[in-house]
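Here is the structure we will look at, set down as structure tokens.
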Amino acid sequence: MTLLDMREITKVYPGVRANDNVSFSLNQGEVHALVGENGAGKTTLMKILYGLQKPDSGMICLKGKAISIKNPRDAINHGIGMVHQHFMLVPPFTVLENIILGKETHRAGVLRMEEPAKEAEKIMQKNGLIVDLNERVEDIPVGLQQRVEILKILYRGAEILVFDEPTAVLTPQEVDELFKTLKKMKKQGKGIIFISHKLDEVLAIADRITVIRRGKVVKTLKCEEATKPLIAELMVGKPVFMEVEKKPSSPGKVILRIKNLSRTSERGHKVLTDINLTVREGEIYGIAGVEGNGQSELVQAIAEHVKLESGEILIEEENILDWDVRTRRENGMGHIPEDRHKYGLLLPFTLADNLVLGQHHRPPFVKGFQIVDTPEIRKFARATIQSYDIRVPSELTPANALSGGNQQKAIVAREMRFEPKLLLAAQPTRGVDVGATEFIYKQLTTARDKGKAVLLVSADLDEILTLSDRIGVIFKGKIIKEFTQAEATREEIGLYMTGEQESA
Amino acid sequence: MNISILLDFALKGLEMSAPIAFAALGAVFSEKSGVINIALEGFMIVTAFTVVWGSIAFQSIWMGLLFALIAGILMSLIHAVATITFRVDQIVSGVAINILAIGVGRFLSQRIFAQETQSAINPYLFPTFHGINSFAFALIPIAFISWFVLYKTVFGLRLRTVGENPEAADTLGINVYLLRYAGVMISGVMCGFAAATLYPSRWINGMTGGRGFIALAAMIFGRWHPIGALFAAMLFGYADTFRIMFETKIPIPSQFVQMLPYVLAIVVLAGMVGKAHAPAADGKPYEMGEE
Amino acid sequence: MLKLKIDKYRLYELLSPIIGFLAAIIVLLIIVIVVGESPAKAVSAVFKFTMSTTARLATVFSIAIPLFFAGLAVALAFRAGVFNIGAEGQYFIGGLVGAMAGIYLRLPAFIHIPVVVLFSMIGGALWALIPAILKVTKGIHEVITTIMFNNIALALVNYLVNEPLSGRGTSSLEAQTHEIRKTALFGKLNNLFRAIGWNVPDHVYLDYSLIVAILMGILVWFLLFRMRYGFEIRSVGTSLDVSHYAGIRVKHIQIGAFLISGALAGLVGSQEIFAIRGFYTFEIASGLGFEGIAIALIGRNSPLGVVFSAILFAFLKQAGYGLQLYTSVPNAVIYVITGLMIIFIVVINEIMTRYIRALRKKEAG
């Protein structure tokens, strides 16, 4: 029986058609996967279903009846629940408080906790989702936090459950547990929408698969007729492996050396354990791993002046631990940060200002008495815009008027123009279009060929495989295996990434 | 030291603490819901006026209190509309309201009492107990009720949610705006109570004397907790009482005694670990879904 | 084409202060009517008291000088993402330190005057130092610390002027310091204005503090928009994270901007101390620090904008006195209008931003 039917949904944002005539349906007792690249429109469609966004046109039917979902409350009342990519939990509250939030049991406004606790226990037993109800959410690991999210939805009696990239933050064991839970819920007749871009997982769990690209549904497949290459091709519109012309590498002396690096998070969790790696001149060292296994913390330790538990970071055999960001940059470190909106650009500033940011304090951009040499900055910016093909009306255009791809190009241009010895590239193509991706790939390989040391961190295994000369697999804060490009295969790296293959 | 001076000090201190403590409780509600409120001072200027005016006009302190509560709510609504509906910077809005309030107090005083700087004397007061305003005793139950409301009721749970993670509240169908309005409006109500304990016998321009700001410090010092804020406010209140009662008996110049609570506040804040206790979304405007 | 559109959006953004001001004026007229005065009489009262004669107009400019310092101080801190509510305390301390230099140092005038200016600035900066350090090292919000420091400053100068630094003579009842030496007093520029044909009468203070103000305005502009340090200040105020990643020493910048802000605030009282009174007292005009916040906001934190908004505030102050004098509208109404004007401006700004967003969306669709 059809539970849900979304028909011809269209949603326009400034500059993009996020959903263009999208139709999507879900049956009882079914897992229906929604796959597509970042920015393809999956999340928008689900936000519409959950009442967080209003569609410009289209309709939603529940069990054959047209309904209107104006806000999450409507969605919840219609039995729709969502496990968001970023958990919607209140960290200082207890698990139980988080579960009952919005559907509290009370007498004259005063909270009653016993009945909900019993009810929650029952749901936990039935679905095999065990959590300690009295712990504070901020004190439990991410995998358990996700359980709390699921419990929250089940507590509201949801019939339709949406999981937005649920495995991104999970260990393989936790993924297995999650899949067991999903199967249980399926048997109970619930409908599950599973959003992912990890094809193995999709093939493992889904009954039907809908592929979405640039806001449009490309195709809906039955699980039996789906194969990985087929889905991948539907997702990107051409064969997945981007062809990058690459000469064999000729690595020189060691630029970056990390020795026995360990780091503990502010909350006392060990995030990096005994990391050892080297990156040489003229090579790209790729770090492969499921997101959240310590990649961000590693990059941060190299780029920023943060407290470490132990270990050394050396650049050209000189210990840099006492250097602040500026000193590190002045000594040849470039950094393409993970989240460009948060860390990359001064959005209201001109592109010219942004292109010199980080080098703005050095000649030729300042002259005597630390006075800014504006003509010089503009000249430099114009040259950079041309050589890096940034599409922009003028160098004085504010950065926030640029498209995402051009913003990312601007950051790459800025970090490359100063000929760093070491380039840190964290998720360099996240959320950018194919054209810009190709451009960035070319820049990274050019940098390598010019003798720079590149440390590439990416959650996209294909990106790692395409670009890297050597690959280190990070799992739970440890580099558990290193490969050369020649010996690396998708399958084997995948096994290490998910921890199925323990380190030798 | 004899007992009667001690008792006198204890009671006088409570009276002096009450306006600061009420305002600090108001700040707790506002900030727990995610709205920084530096307009408490302004709220109090106006409520302090209306409590006097209402009492004189209706010949009853209770009517004065009612007027003070209404005035507090009206003032808080300005802050709420600006910061919640229009997502204006919360500190900017607070600064503007403080300026506005100075004008409102003086303007009304001029129109009603024909004097810009002070009102007529209000003879309709709460009964006194050992020479202090008996309404000050309401502080203790109200502080405990505040704690109960915040931590033991559905409303409190939801209010704290919108201050910690408004997005989560939104996805659960909890109305972020409504709760933040409630939080800010309760701070207006608390400033109404504060006015009833702040010399309701006459309104004088400038009589609030920065208590609204001290209340904010008390709230931070009290770690955003109603009981903590109560004790912190009492620290300030008693320090001030000490100055007034013993100024002439101690060899330190009175100005230094006067500085004491502020210096104390700085030292205490500097000694506190981080700002880990502020609600995570405190001060951050939130945009609910889409229109 | 794209360029044109950006200009259109800019225009909308610039409209909000104007609309906010007009809305506040409408409220003012409504109050005038409610009070039972005729709007025409009120307008004429305002005109008479602010612009009818050279003396009136010059008075507006004279009043604008301390307001300008206050606005400039707050604006510079804002640029670095620092909310300096402590200008109040900073100018009470700065003024006292400057006055001390004026009383106890013996110097020729051409050195003495720059020295008292410098000492005022150092005093203001010192009073900002602890809040600045507490902000960057302990993360204590400067709004709280500076408010505390304002209160401490008031008590401190009260003590100092009453006790160790008291110069109370037989003639004055008010606690005050000794007279400032003649060499440190700010002379008037009235003759200069007369020479260029603007007949400013002697009772209006257009003195050396005007020159200091112009100088500081230019220096701050140059710092913000022509110097590397200013670039870093603006960068830090725009995004702490981006600045940190770009290697900018964020904490240094915030401390530095806070101190410069304090130094500028230290000059707020200079006109009153060195030109008008000739001695220091804690009775100098208070509350200018808070007005500085409003002035900075309305001037959009730019030195030129602050010039205009300081003049606007001076105009409003005088307008208030005009209303008080010639009509039955109390002077206090000006505070009401000022408060409302700020709220109107920021709210309208927000509405404009939403409108622009909707427009962009439409164009994109």
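For the structure tokens, the naming scheme is as follows: chains receive sequential letters (A, B, ...) according to their order of presentation, residues are indexed from 1 within each chain, and ligands are indexed from 1 in presentation order.
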(message) Set the distance at 10 Å and use only C-alpha atoms: which residues neighbour segment 402-404 of chain A once local chain neighbours fewer than 5 positions away are removed? I'd like the list as a ChimeraX atom specification.
(response) /A:15,340-341,347,351,390-393,397,409-410,430-433,436
Given the selection you just returned, output its residues as a file containing C-alpha atoms, formatted as a short mmCIF file (atom, residue, chain, number, x, y, z; two decimals), in the first residue's frame.
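Written out: selection.cif:
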```cif
data_model
loop_
_atom_site.label_atom_id
_atom_site.label_comp_id
_atom_site.auth_asym_id
_atom_site.auth_seq_id
_atom_site.Cartn_x
_atom_site.Cartn_y
_atom_site.Cartn_z
CA GLY A 15 20.11 31.03 -8.25
CA ARG A 340 34.49 27.64 3.04
CA HIS A 341 31.58 29.72 4.30
CA LEU A 347 31.92 37.48 2.47
CA LEU A 351 37.21 39.50 -4.06
CA ILE A 390 37.20 32.98 -11.64
CA ARG A 391 33.98 34.19 -13.23
CA VAL A 392 33.30 37.58 -11.75
CA PRO A 393 32.43 41.03 -13.14
CA THR A 397 32.79 42.44 -6.49
CA LYS A 409 38.13 28.58 -6.96
CA ALA A 410 39.00 31.86 -5.30
CA ARG A 430 32.57 19.55 -1.40
CA GLY A 431 29.39 21.05 -2.78
CA VAL A 432 30.92 22.42 -5.99
CA ASP A 433 29.80 21.58 -9.48
CA ALA A 436 34.84 23.48 -10.71
#
```
(message) DSSP on the backbone: which residues in segment 67-305 of chain C end up as alpha helix (DSSP H)? Give the answer as a PyMOL selection string.
(response) chain C and resi 67-79+87-104+109-138+142-162+190-195+208-226+228-238+240-245+250-265+270+288-298+303-305
(request) Can you check which residues of chain C have any atom within 8 Å of chain B? Use only C-alpha atoms and format it as a ChimeraX atom specification. (result) /C:134,138-140,144-145,147-149,151-152,155-156,158-159,290,293-294,330-340,342-343,346-347,350-351
Save out the residues we just selected, N, CA and C atoms, as an mmCIF file, in the first residue's frame.
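Listed below is the output, result-v2.cif:
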```
data_model
loop_
_atom_site.group_PDB
_atom_site.id
_atom_site.type_symbol
_atom_site.label_atom_id
_atom_site.label_comp_id
_atom_site.auth_asym_id
_atom_site.auth_seq_id
_atom_site.Cartn_x
_atom_site.Cartn_y
_atom_site.Cartn_z
ATOM 1 N N LEU C 134 40.267 40.597 29.730
ATOM 2 C CA LEU C 134 39.310 39.590 30.200
ATOM 3 C C LEU C 134 38.507 39.014 29.042
ATOM 4 N N LYS C 138 39.592 35.293 28.860
ATOM 5 C CA LYS C 138 38.629 34.534 29.655
ATOM 6 C C LYS C 138 37.283 34.407 28.965
ATOM 7 N N GLY C 139 37.131 35.127 27.876
ATOM 8 C CA GLY C 139 35.855 35.052 27.177
ATOM 9 C C GLY C 139 34.716 35.710 27.943
ATOM 10 N N ILE C 140 35.044 36.645 28.831
ATOM 11 C CA ILE C 140 33.974 37.340 29.555
ATOM 12 C C ILE C 140 33.465 38.470 28.681
ATOM 13 N N ILE C 144 29.394 43.227 29.939
ATOM 14 C CA ILE C 144 29.302 43.143 31.398
ATOM 15 C C ILE C 144 30.477 43.856 32.068
ATOM 16 N N THR C 145 31.698 43.534 31.620
ATOM 17 C CA THR C 145 32.857 44.104 32.307
ATOM 18 C C THR C 145 32.901 45.623 32.169
ATOM 19 N N ILE C 147 30.461 47.694 31.810
ATOM 20 C CA ILE C 147 29.442 48.321 32.658
ATOM 21 C C ILE C 147 29.938 48.397 34.100
ATOM 22 N N MET C 148 30.567 47.317 34.549
ATOM 23 C CA MET C 148 31.149 47.326 35.895
ATOM 24 C C MET C 148 32.218 48.413 35.982
ATOM 25 N N PHE C 149 33.047 48.479 34.958
ATOM 26 C CA PHE C 149 34.130 49.469 34.977
ATOM 27 C C PHE C 149 33.596 50.900 34.930
ATOM 28 N N ASN C 151 30.927 51.904 36.479
ATOM 29 C CA ASN C 151 30.551 52.216 37.855
ATOM 30 C C ASN C 151 31.777 52.425 38.737
ATOM 31 N N ILE C 152 32.793 51.585 38.514
ATOM 32 C CA ILE C 152 34.016 51.732 39.304
ATOM 33 C C ILE C 152 34.651 53.094 39.005
ATOM 34 N N ALA C 155 32.919 55.968 40.837
ATOM 35 C CA ALA C 155 33.248 56.002 42.257
ATOM 36 C C ALA C 155 34.691 56.468 42.446
ATOM 37 N N LEU C 156 35.556 56.005 41.575
ATOM 38 C CA LEU C 156 36.982 56.334 41.699
ATOM 39 C C LEU C 156 37.224 57.833 41.507
ATOM 40 N N ASN C 158 35.128 60.173 41.782
ATOM 41 C CA ASN C 158 34.451 60.850 42.887
ATOM 42 C C ASN C 158 35.390 60.937 44.100
ATOM 43 N N TYR C 159 36.017 59.816 44.394
ATOM 44 C CA TYR C 159 36.955 59.791 45.509
ATOM 45 C C TYR C 159 38.151 60.710 45.238
ATOM 46 N N PHE C 290 26.863 56.065 26.306
ATOM 47 C CA PHE C 290 25.718 55.336 25.759
ATOM 48 C C PHE C 290 25.209 55.981 24.472
ATOM 49 N N ILE C 293 27.053 54.816 21.440
ATOM 50 C CA ILE C 293 26.627 53.556 20.815
ATOM 51 C C ILE C 293 25.606 53.852 19.720
ATOM 52 N N ALA C 294 24.631 54.680 20.077
ATOM 53 C CA ALA C 294 23.596 55.027 19.109
ATOM 54 C C ALA C 294 24.200 55.778 17.930
ATOM 55 N N PRO C 330 8.020 68.465 26.797
ATOM 56 C CA PRO C 330 9.242 68.392 27.599
ATOM 57 C C PRO C 330 10.441 67.906 26.782
ATOM 58 N N ASN C 331 11.581 68.364 27.214
ATOM 59 C CA ASN C 331 12.857 67.993 26.622
ATOM 60 C C ASN C 331 13.061 66.480 26.566
ATOM 61 N N ALA C 332 12.500 65.784 27.559
ATOM 62 C CA ALA C 332 12.690 64.328 27.650
ATOM 63 C C ALA C 332 12.232 63.602 26.396
ATOM 64 N N VAL C 333 11.364 64.240 25.645
ATOM 65 C CA VAL C 333 10.825 63.607 24.448
ATOM 66 C C VAL C 333 11.956 63.207 23.492
ATOM 67 N N ILE C 334 13.083 63.926 23.581
ATOM 68 C CA ILE C 334 14.186 63.640 22.671
ATOM 69 C C ILE C 334 14.777 62.255 22.935
ATOM 70 N N TYR C 335 14.830 61.845 24.202
ATOM 71 C CA TYR C 335 15.300 60.493 24.510
ATOM 72 C C TYR C 335 14.355 59.460 23.899
ATOM 73 N N VAL C 336 13.066 59.749 24.011
ATOM 74 C CA VAL C 336 12.075 58.833 23.443
ATOM 75 C C VAL C 336 12.328 58.690 21.949
ATOM 76 N N ILE C 337 12.496 59.830 21.303
ATOM 77 C CA ILE C 337 12.686 59.823 19.854
ATOM 78 C C ILE C 337 13.990 59.125 19.471
ATOM 79 N N THR C 338 15.035 59.388 20.234
ATOM 80 C CA THR C 338 16.319 58.753 19.927
ATOM 81 C C THR C 338 16.213 57.242 20.039
ATOM 82 N N GLY C 339 15.647 56.782 21.143
ATOM 83 C CA GLY C 339 15.488 55.344 21.334
ATOM 84 C C GLY C 339 14.677 54.725 20.210
ATOM 85 N N LEU C 340 13.559 55.368 19.900
ATOM 86 C CA LEU C 340 12.698 54.838 18.837
ATOM 87 C C LEU C 340 13.427 54.853 17.496
ATOM 88 N N ILE C 342 16.553 54.519 16.819
ATOM 89 C CA ILE C 342 17.493 53.394 16.688
ATOM 90 C C ILE C 342 16.724 52.115 16.368
ATOM 91 N N ILE C 343 15.649 51.897 17.124
ATOM 92 C CA ILE C 343 14.873 50.670 16.884
ATOM 93 C C ILE C 343 14.313 50.678 15.461
ATOM 94 N N VAL C 346 17.132 49.872 12.856
ATOM 95 C CA VAL C 346 17.565 48.477 12.749
ATOM 96 C C VAL C 346 16.438 47.578 12.243
ATOM 97 N N VAL C 347 15.222 47.877 12.642
ATOM 98 C CA VAL C 347 14.107 47.055 12.162
ATOM 99 C C VAL C 347 13.910 47.265 10.658
ATOM 100 N N GLU C 350 16.394 45.462 8.711
ATOM 101 C CA GLU C 350 16.088 44.043 8.598
ATOM 102 C C GLU C 350 15.015 43.797 7.531
ATOM 103 N N ILE C 351 14.005 44.661 7.515
ATOM 104 C CA ILE C 351 12.951 44.505 6.513
ATOM 105 C C ILE C 351 13.548 44.673 5.114
#
```
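Proximity to chain A was assessed for C:Ala319, C:Ile248, C:Leu129, C:Ala310 counting only C-alpha atoms; the smallest distance is recorded for C:Ile248.
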(request) Excluding Ser458 of chain A and any residue of its chain fewer than 3 positions from it, enumerate the residues within 7 Å of it, using only C-alpha atoms, and give them as a list of chain:residue names. (result)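 The residues satisfying every condition are A:Ile287, A:Ala288, A:Ala426, A:Gln427, A:Ile464.
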(request) Could the residues of chain B within 10 Å of chain A, counting only C-alpha atoms, be given as a ChimeraX atom specification, please? (result) /B:148-149,151-158,160-175,277,279-280,288-291
Any chance you can output those residues with N, CA and C atoms as an mmCIF file, in the first residue's frame?
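Okay, this is what ended up in result_14.cif:
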```cif
data_model
loop_
_atom_site.group_PDB
_atom_site.id
_atom_site.type_symbol
_atom_site.label_atom_id
_atom_site.label_comp_id
_atom_site.auth_asym_id
_atom_site.auth_seq_id
_atom_site.Cartn_x
_atom_site.Cartn_y
_atom_site.Cartn_z
ATOM 1 N N PHE B 148 11.137 26.165 39.833
ATOM 2 C CA PHE B 148 10.188 25.081 39.559
ATOM 3 C C PHE B 148 9.679 25.161 38.127
ATOM 4 N N VAL B 149 9.302 26.353 37.722
ATOM 5 C CA VAL B 149 8.770 26.543 36.365
ATOM 6 C C VAL B 149 9.817 26.153 35.322
ATOM 7 N N TYR B 151 12.488 24.187 35.602
ATOM 8 C CA TYR B 151 13.033 22.827 35.589
ATOM 9 C C TYR B 151 12.003 21.711 35.779
ATOM 10 N N LYS B 152 10.789 22.053 36.133
ATOM 11 C CA LYS B 152 9.832 20.986 36.433
ATOM 12 C C LYS B 152 8.556 21.060 35.594
ATOM 13 N N THR B 153 8.469 22.002 34.700
ATOM 14 C CA THR B 153 7.238 22.081 33.918
ATOM 15 C C THR B 153 7.530 21.938 32.426
ATOM 16 N N VAL B 154 6.480 21.634 31.693
ATOM 17 C CA VAL B 154 6.577 21.515 30.239
ATOM 18 C C VAL B 154 7.070 22.840 29.655
ATOM 19 N N PHE B 155 6.469 23.914 30.149
ATOM 20 C CA PHE B 155 6.849 25.235 29.660
ATOM 21 C C PHE B 155 8.350 25.482 29.843
ATOM 22 N N GLY B 156 8.847 25.163 31.034
ATOM 23 C CA GLY B 156 10.256 25.395 31.335
ATOM 24 C C GLY B 156 11.173 24.568 30.448
ATOM 25 N N LEU B 157 10.798 23.299 30.281
ATOM 26 C CA LEU B 157 11.601 22.413 29.429
ATOM 27 C C LEU B 157 11.687 22.982 28.015
ATOM 28 N N ARG B 158 10.551 23.434 27.523
ATOM 29 C CA ARG B 158 10.531 23.955 26.153
ATOM 30 C C ARG B 158 11.260 25.286 26.062
ATOM 31 N N ARG B 160 13.780 26.250 27.829
ATOM 32 C CA ARG B 160 15.220 25.995 27.828
ATOM 33 C C ARG B 160 15.651 25.395 26.493
ATOM 34 N N THR B 161 14.759 24.633 25.878
ATOM 35 C CA THR B 161 15.096 24.055 24.583
ATOM 36 C C THR B 161 15.339 25.129 23.531
ATOM 37 N N VAL B 162 14.461 26.119 23.479
ATOM 38 C CA VAL B 162 14.638 27.138 22.431
ATOM 39 C C VAL B 162 15.882 27.984 22.692
ATOM 40 N N GLY B 163 16.339 28.014 23.935
ATOM 41 C CA GLY B 163 17.568 28.735 24.229
ATOM 42 C C GLY B 163 18.813 27.917 23.914
ATOM 43 N N GLU B 164 18.658 26.592 23.950
ATOM 44 C CA GLU B 164 19.805 25.736 23.690
ATOM 45 C C GLU B 164 19.903 25.376 22.212
ATOM 46 N N ASN B 165 18.814 24.947 21.648
ATOM 47 C CA ASN B 165 18.827 24.474 20.270
ATOM 48 C C ASN B 165 17.488 24.765 19.609
ATOM 49 N N PRO B 166 17.308 25.999 19.153
ATOM 50 C CA PRO B 166 16.018 26.382 18.588
ATOM 51 C C PRO B 166 15.644 25.553 17.357
ATOM 52 N N GLU B 167 16.658 25.128 16.627
ATOM 53 C CA GLU B 167 16.377 24.331 15.437
ATOM 54 C C GLU B 167 15.716 23.013 15.827
ATOM 55 N N ALA B 168 16.241 22.404 16.883
ATOM 56 C CA ALA B 168 15.660 21.153 17.354
ATOM 57 C C ALA B 168 14.216 21.388 17.786
ATOM 58 N N ALA B 169 14.013 22.480 18.517
ATOM 59 C CA ALA B 169 12.654 22.798 18.954
ATOM 60 C C ALA B 169 11.738 22.930 17.746
ATOM 61 N N ASP B 170 12.236 23.609 16.730
ATOM 62 C CA ASP B 170 11.455 23.830 15.515
ATOM 63 C C ASP B 170 11.059 22.497 14.880
ATOM 64 N N THR B 171 12.011 21.563 14.795
ATOM 65 C CA THR B 171 11.705 20.284 14.155
ATOM 66 C C THR B 171 10.752 19.448 14.982
ATOM 67 N N LEU B 172 10.588 19.822 16.260
ATOM 68 C CA LEU B 172 9.651 19.069 17.091
ATOM 69 C C LEU B 172 8.304 19.767 17.163
ATOM 70 N N GLY B 173 8.148 20.801 16.367
ATOM 71 C CA GLY B 173 6.875 21.495 16.366
ATOM 72 C C GLY B 173 6.704 22.434 17.544
ATOM 73 N N ILE B 174 7.804 22.740 18.241
ATOM 74 C CA ILE B 174 7.727 23.715 19.336
ATOM 75 C C ILE B 174 7.903 25.107 18.744
ATOM 76 N N ASN B 175 7.019 26.011 19.112
ATOM 77 C CA ASN B 175 7.053 27.347 18.526
ATOM 78 C C ASN B 175 8.138 28.209 19.189
ATOM 79 N N HIS B 277 28.260 27.973 30.836
ATOM 80 C CA HIS B 277 26.922 27.844 31.389
ATOM 81 C C HIS B 277 25.863 28.637 30.642
ATOM 82 N N PRO B 279 23.263 29.476 27.864
ATOM 83 C CA PRO B 279 22.539 28.650 26.899
ATOM 84 C C PRO B 279 23.214 28.749 25.531
ATOM 85 N N ALA B 280 23.277 27.617 24.824
ATOM 86 C CA ALA B 280 24.074 27.566 23.598
ATOM 87 C C ALA B 280 23.607 28.579 22.552
ATOM 88 N N MET B 288 12.616 30.964 12.006
ATOM 89 C CA MET B 288 11.827 29.731 11.938
ATOM 90 C C MET B 288 11.529 29.370 10.507
ATOM 91 N N GLY B 289 11.718 28.101 10.174
ATOM 92 C CA GLY B 289 11.403 27.534 8.864
ATOM 93 C C GLY B 289 11.349 28.553 7.771
ATOM 94 N N GLU B 290 10.216 28.613 7.119
ATOM 95 C CA GLU B 290 10.027 29.622 6.089
ATOM 96 C C GLU B 290 8.641 30.196 6.254
ATOM 97 N N GLU B 291 8.462 31.390 5.752
ATOM 98 C CA GLU B 291 7.149 32.030 5.921
ATOM 99 C C GLU B 291 6.084 31.251 5.174
#
```
(request) Report the distance between atom CA of Met341 of chain C and atom CA of Ile284 of chain C in Å, rounded to one decimal place. (result)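 Atom CA of Met341 of chain C sits 26.3 Å away from atom CA of Ile284 of chain C.
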Taking only C-alpha atoms into account, produce a table as a Markdown table in which each residue of chain A with an atom at most 8 Å from an atom of chain C appears once, together with its shortest atom pair and the distance in Å to one decimal, ordered by chain and rising number.
```
| residue | atom | partner | partner_atom | distance |
| --- | --- | --- | --- | --- |
| A:Val12 | CA | C:Gly365 | CA | 6.3 |
| A:Tyr13 | CA | C:Lys361 | CA | 6.2 |
| A:Pro14 | CA | C:Lys361 | CA | 4.1 |
| A:Gly15 | CA | C:Ala364 | CA | 4.5 |
| A:Val16 | CA | C:Ala364 | CA | 7.1 |
| A:Arg17 | CA | C:Gly365 | CA | 7.5 |
| A:Glu304 | CA | C:Tyr245 | CA | 7.6 |
| A:Asp324 | CA | C:Gly247 | CA | 7.5 |
| A:Val325 | CA | C:Gly247 | CA | 4.6 |
| A:Arg326 | CA | C:Gly247 | CA | 3.9 |
| A:Thr327 | CA | C:Gly247 | CA | 7.6 |
| A:Arg329 | CA | C:Gly247 | CA | 6.9 |
| A:Lys342 | CA | C:Asp241 | CA | 6.6 |
| A:Tyr343 | CA | C:Val242 | CA | 4.3 |
| A:Gly344 | CA | C:Val242 | CA | 5.7 |
| A:Leu345 | CA | C:Val242 | CA | 6.2 |
| A:Leu346 | CA | C:Val242 | CA | 6.6 |
| A:Pro348 | CA | C:Thr238 | CA | 7.8 |
| A:Leu357 | CA | C:Ala246 | CA | 6.2 |
| A:Gly358 | CA | C:Ala246 | CA | 4.3 |
| A:His360 | CA | C:Arg228 | CA | 7.2 |
| A:His361 | CA | C:Arg228 | CA | 6.1 |
| A:Val366 | CA | C:Arg228 | CA | 6.9 |
| A:Gln370 | CA | C:Arg228 | CA | 5.6 |
| A:Ile371 | CA | C:Met227 | CA | 4.3 |
| A:Val372 | CA | C:Met227 | CA | 5.0 |
| A:Asp373 | CA | C:Arg226 | CA | 7.9 |
| A:Pro393 | CA | C:Leu2 | CA | 7.4 |
```
Would you mind exporting C-alpha atoms of the selected residues as a short mmCIF file (atom, residue, chain, number, x, y, z; two decimals), in the first residue's frame?
```cif
data_model
loop_
_atom_site.label_atom_id
_atom_site.label_comp_id
_atom_site.auth_asym_id
_atom_site.auth_seq_id
_atom_site.Cartn_x
_atom_site.Cartn_y
_atom_site.Cartn_z
CA VAL A 12 13.38 27.50 -6.26
CA TYR A 13 16.14 29.14 -4.25
CA PRO A 14 18.02 32.23 -5.32
CA GLY A 15 20.11 31.03 -8.25
CA VAL A 16 19.06 27.38 -8.30
CA ARG A 17 16.06 25.17 -8.88
CA GLU A 304 46.42 25.89 13.73
CA ASP A 324 50.85 30.38 15.42
CA VAL A 325 48.81 30.37 12.23
CA ARG A 326 50.60 33.37 10.78
CA THR A 327 54.06 31.92 11.35
CA ARG A 329 51.63 30.42 6.77
CA LYS A 342 32.74 29.51 7.85
CA TYR A 343 36.49 29.65 7.37
CA GLY A 344 37.31 30.62 3.82
CA LEU A 345 36.11 34.04 2.80
CA LEU A 346 35.25 37.40 4.24
CA PRO A 348 31.20 41.23 2.51
CA LEU A 357 43.90 37.59 2.77
CA GLY A 358 46.60 35.82 4.75
CA HIS A 360 47.88 40.98 3.06
CA HIS A 361 50.45 41.93 5.67
CA VAL A 366 51.71 46.78 2.10
CA GLN A 370 52.10 49.23 6.95
CA ILE A 371 49.98 51.11 4.48
CA VAL A 372 47.83 48.98 2.22
CA ASP A 373 48.81 49.23 -1.43
CA PRO A 393 32.43 41.03 -13.14
#
```
(request) Could you please determine the separation between atom CA of Ile209 of chain A and atom CA of His32 of chain A in Å, to one decimal place? (result)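 So the answer is 5.8 Å.
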(message) What's around segment 411-416 of chain A at 9 Å? Count only C-alpha atoms, leave out sequence neighbours fewer than 6 positions away in its own chain, and write the answer as a list in words.
(response)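 Contacts, with the query itself left out: Met333, Gly334, His335, Ile336, Pro337, Arg340, Gly344, Leu345, Asn354, Leu355, Val356, Leu357, Gly358, Thr384, Ile385, Ser387, Tyr388, Ile390, Leu423, Ala425, Pro428, Ile440, Gln443, Leu444 and Ala447 of chain A.
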(request) Could you jot down the atom CA of Tyr285 of chain A to atom CA of Asp469 of chain A separation for me, Å, one decimal place? (result)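 Taking atom CA of Tyr285 of chain A as the start and atom CA of Asp469 of chain A as the end point, the length is 6.0 Å.
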(message) Give me the residues near Ala184 of chain C as a PyMOL selection string, where near means some atom within 12 Å (using only C-alpha atoms) and where sequence neighbours in that chain fewer than 6 positions away do not count.
(response) chain C and resi 98-119+208+270-271+273-275+278-279
